[in-house]
$ cat work-v7.csv   # CSV, C-alpha atoms
chain,number,residue,atom,x,y,z
F,1,MET,CA,46.9,-13.8,-11.5
F,2,SER,CA,48.8,-12.5,-8.6
F,3,ILE,CA,52.5,-13.3,-8.2
F,4,SER,CA,51.9,-15.2,-5.0
F,5,LYS,CA,49.4,-17.5,-6.7
F,6,GLU,CA,51.7,-17.9,-9.7
F,7,ILE,CA,54.5,-19.0,-7.3
F,8,LEU,CA,52.2,-21.4,-5.6
F,9,PHE,CA,51.3,-23.0,-8.9
F,10,LEU,CA,54.9,-23.1,-10.0
F,11,LEU,CA,55.8,-24.9,-6.8
F,12,ALA,CA,52.9,-27.3,-7.3
F,13,ALA,CA,54.2,-28.1,-10.8
F,14,PHE,CA,57.8,-28.4,-9.5
F,15,PHE,CA,56.7,-30.9,-6.8
F,16,ALA,CA,54.7,-32.8,-9.4
F,17,GLY,CA,57.9,-33.1,-11.4
F,18,VAL,CA,59.8,-34.3,-8.3
F,19,ALA,CA,57.0,-36.9,-7.8
F,20,MET,CA,57.0,-38.0,-11.4
F,21,ALA,CA,60.8,-38.6,-11.5
F,22,SER,CA,60.6,-40.5,-8.2
F,23,GLN,CA,57.6,-42.5,-9.3
F,24,GLY,CA,59.2,-43.5,-12.6
F,25,SER,CA,62.3,-44.8,-10.8
F,26,MET,CA,60.3,-46.6,-8.2
F,27,ASN,CA,58.0,-48.2,-10.9
F,28,SER,CA,61.1,-49.3,-12.8
F,29,ALA,CA,62.4,-51.0,-9.7
F,30,VAL,CA,59.1,-52.8,-9.2
F,31,SER,CA,59.1,-53.8,-12.8
F,32,LYS,CA,62.5,-55.4,-12.5
F,33,ALA,CA,61.2,-57.5,-9.6
F,34,ILE,CA,57.7,-58.5,-10.9
F,35,GLY,CA,57.5,-57.6,-14.6
F,36,LEU,CA,56.4,-54.7,-16.7
F,37,SER,CA,52.7,-55.5,-17.0
F,38,GLN,CA,52.5,-56.7,-13.4
F,39,SER,CA,54.1,-53.5,-12.1
F,40,THR,CA,51.9,-51.3,-14.2
F,41,PHE,CA,48.8,-53.1,-12.8
F,42,VAL,CA,50.0,-52.7,-9.2
F,43,VAL,CA,50.7,-49.0,-9.8
F,44,HIS,CA,47.3,-48.3,-11.2
F,45,PHE,CA,45.5,-50.6,-8.8
F,46,SER,CA,47.1,-48.8,-5.8
F,47,ALA,CA,46.1,-45.5,-7.3
F,48,THR,CA,42.5,-46.7,-7.8
F,49,LEU,CA,42.4,-47.8,-4.1
F,50,LEU,CA,43.7,-44.3,-3.0
F,51,MET,CA,41.1,-42.6,-5.2
F,52,VAL,CA,38.3,-44.8,-3.8
F,53,LEU,CA,39.3,-43.6,-0.3
F,54,ILE,CA,39.4,-40.0,-1.4
F,55,LEU,CA,36.0,-40.2,-3.1
F,56,VAL,CA,34.4,-42.0,-0.1
F,57,SER,CA,35.9,-39.5,2.3
F,58,GLY,CA,34.1,-36.7,0.6
F,59,ILE,CA,37.2,-34.4,0.4
F,60,ASP,CA,36.3,-33.4,-3.2
F,61,LYS,CA,32.8,-32.3,-3.9
F,62,GLY,CA,32.7,-33.1,-7.6
F,63,ASN,CA,29.6,-33.4,-9.7
F,64,TRP,CA,29.0,-36.9,-11.1
F,65,ASN,CA,25.9,-35.5,-12.9
F,66,ASN,CA,28.1,-34.0,-15.6
F,67,TYR,CA,29.8,-37.3,-16.4
F,68,LEU,CA,27.9,-37.9,-19.6
F,69,GLN,CA,28.4,-34.3,-20.8
F,70,VAL,CA,32.2,-34.8,-21.2
F,71,PRO,CA,33.2,-36.2,-24.7
F,72,TRP,CA,34.0,-39.9,-24.4
F,73,TYR,CA,37.6,-39.5,-25.7
F,74,TYR,CA,38.5,-37.2,-22.7
F,75,TYR,CA,38.2,-40.3,-20.6
F,76,LEU,CA,41.1,-41.9,-22.4
F,77,GLY,CA,43.4,-40.3,-19.9
F,78,GLY,CA,43.5,-43.6,-18.0
F,79,VAL,CA,44.5,-45.5,-21.1
F,80,ILE,CA,47.2,-42.9,-21.8
F,81,GLY,CA,48.3,-43.3,-18.1
F,82,VAL,CA,49.1,-47.0,-18.8
F,83,ALA,CA,51.1,-46.0,-21.9
F,84,ILE,CA,52.9,-43.4,-19.9
F,85,THR,CA,53.8,-45.9,-17.1
F,86,TYR,CA,55.0,-48.4,-19.7
F,87,GLY,CA,57.2,-45.8,-21.4
F,88,VAL,CA,58.7,-44.6,-18.2
F,89,VAL,CA,59.3,-48.0,-16.8
F,90,ILE,CA,61.1,-49.3,-19.9
F,91,SER,CA,63.1,-46.1,-20.6
F,92,ILE,CA,64.5,-45.3,-17.1
F,93,PRO,CA,66.5,-48.5,-16.6
F,94,ARG,CA,68.0,-48.2,-20.1
F,95,LEU,CA,68.7,-44.4,-20.1
F,96,GLY,CA,68.8,-43.5,-16.5
F,97,ALA,CA,66.4,-41.4,-14.6
F,98,ALA,CA,67.9,-38.0,-15.6
F,99,VAL,CA,68.0,-38.7,-19.4
F,100,ALA,CA,64.7,-40.5,-19.5
F,101,THR,CA,63.0,-37.7,-17.5
F,102,THR,CA,64.6,-35.0,-19.8
F,103,ALA,CA,63.3,-36.8,-22.9
F,104,ILE,CA,59.9,-37.1,-21.3
F,105,ILE,CA,59.9,-33.4,-20.5
F,106,VAL,CA,60.8,-32.5,-24.1
F,107,GLY,CA,57.8,-34.6,-25.3
F,108,GLN,CA,55.6,-33.0,-22.7
F,109,VAL,CA,56.5,-29.5,-23.5
F,110,LEU,CA,56.3,-30.0,-27.3
F,111,THR,CA,52.8,-31.6,-26.9
F,112,ALA,CA,51.8,-28.9,-24.5
F,113,CYS,CA,52.8,-26.2,-27.0
F,114,ILE,CA,50.7,-27.8,-29.6
F,115,ILE,CA,47.7,-28.2,-27.3
F,116,ASP,CA,48.1,-24.5,-26.2
F,117,HIS,CA,48.5,-23.3,-29.8
F,118,LEU,CA,45.4,-25.1,-31.0
F,119,GLY,CA,43.4,-24.5,-27.9
F,120,LEU,CA,42.6,-28.2,-27.5
F,121,PHE,CA,40.5,-29.7,-24.7
F,122,GLY,CA,38.8,-26.4,-24.0
F,123,LEU,CA,42.0,-24.4,-23.2
F,124,GLU,CA,42.5,-20.9,-24.2
F,125,LYS,CA,44.7,-20.6,-27.3
F,126,ALA,CA,48.3,-19.5,-26.6
F,127,PRO,CA,50.3,-19.0,-29.8
F,128,PHE,CA,53.4,-20.9,-30.6
F,129,THR,CA,56.2,-18.4,-30.7
F,130,TRP,CA,59.8,-18.3,-31.8
F,131,TRP,CA,60.8,-18.1,-28.1
F,132,LYS,CA,58.9,-21.3,-27.4
F,133,LEU,CA,60.6,-23.0,-30.4
F,134,LEU,CA,64.0,-21.8,-29.1
F,135,GLY,CA,63.1,-23.2,-25.6
F,136,LEU,CA,62.2,-26.5,-27.2
F,137,ILE,CA,65.5,-26.6,-29.1
F,138,PHE,CA,67.5,-25.9,-25.9
F,139,LEU,CA,65.5,-28.6,-24.1
F,140,SER,CA,66.3,-31.0,-26.9
F,141,ILE,CA,70.0,-30.1,-26.8
F,142,GLY,CA,69.9,-30.6,-23.1
F,143,ALA,CA,68.4,-34.1,-23.5
F,144,LYS,CA,71.2,-34.9,-26.0
F,145,LEU,CA,73.9,-33.6,-23.7
F,146,MET,CA,72.5,-35.6,-20.8
F,147,LEU,CA,73.2,-38.8,-22.9
F,148,GLY,CA,76.9,-37.9,-22.3

$ encode --input "work-v7.csv" --output "structure tokens"
Amino acid sequence: MSISKEILFLLAAFFAGVAMASQGSMNSAVSKAIGLSQSTFVVHFSATLLMVLILVSGIDKGNWNNYLQVPWYYYLGGVIGVAITYGVVISIPRLGAAVATTAIIVGQVLTACIIDHLGLFGLEKAPFTWWKLLGLIFLSIGAKLMLG
């Protein structure tokens, strides 16, 4: 992969992180006003409406014919999305956006390392190294330090 593409993907990941932190804080504010389950429903319903518009517009030329070829449990991402939203919405008001997001990132990176190491979900295996362990330790220390 060329450096310019690498930078593009790093920027995309960075902006996804910006969006996730913003989304979590916004969802928490909605939850305070209308309730946890209600805000989770609104979040996912609005996302569904946007995706319907995207699908109808024809922007993405996917292949629905392959729908049944995907293992059923891969489709649990939507269920996991609800669990993520709940976790974010209940943790941000109690911990603050920075601490909650740091803890979320530690969980994401740990899980990503396991997924990479085992080559789950059709990904190429990437071994778990001592450097990655050290990085996780530093991330965890950072999360603890953020608690103040």

$ atom_distance --input "work-v7.csv" --atom1 "atom CA of F:Leu8" --atom2 "atom CA of F:Ala103"
25.7 Å

$ closest_residue --input "work-v7.csv" --among "F:Leu147, F:Phe138, F:Thr85, F:Leu133" --to "F:Phe41" --atoms "all atoms listed in the file"
F:Thr85

$ residues_near_point --input "work-v7.csv" --point "(60.7, -44.7, -16.6)" --cutoff "8 Å" --atoms "only C-alpha atoms" --output "ChimeraX atom specification"
/F:21,24-25,27-28,85-93,97,100-101

$ atom_distance --input "work-v7.csv" --atom1 "atom CA of F:Leu50" --atom2 "atom CA of F:Gln23"
15.4 Å

$ atom_distance --input "work-v7.csv" --atom1 "atom CA of F:Val109" --atom2 "atom CA of F:Gly96"
19.9 Å

$ closest_residue --input "work-v7.csv" --among "F:Leu53, F:Thr102, F:Gly122, F:Asp116" --to "F:Ser140" --atoms "only C-alpha atoms"
F:Thr102

$ closest_residue --input "work-v7.csv" --among "F:Ser31, F:Pro71, F:Met20, F:Leu76" --to "F:Ile105" --atoms "all atoms listed in the file"
F:Met20
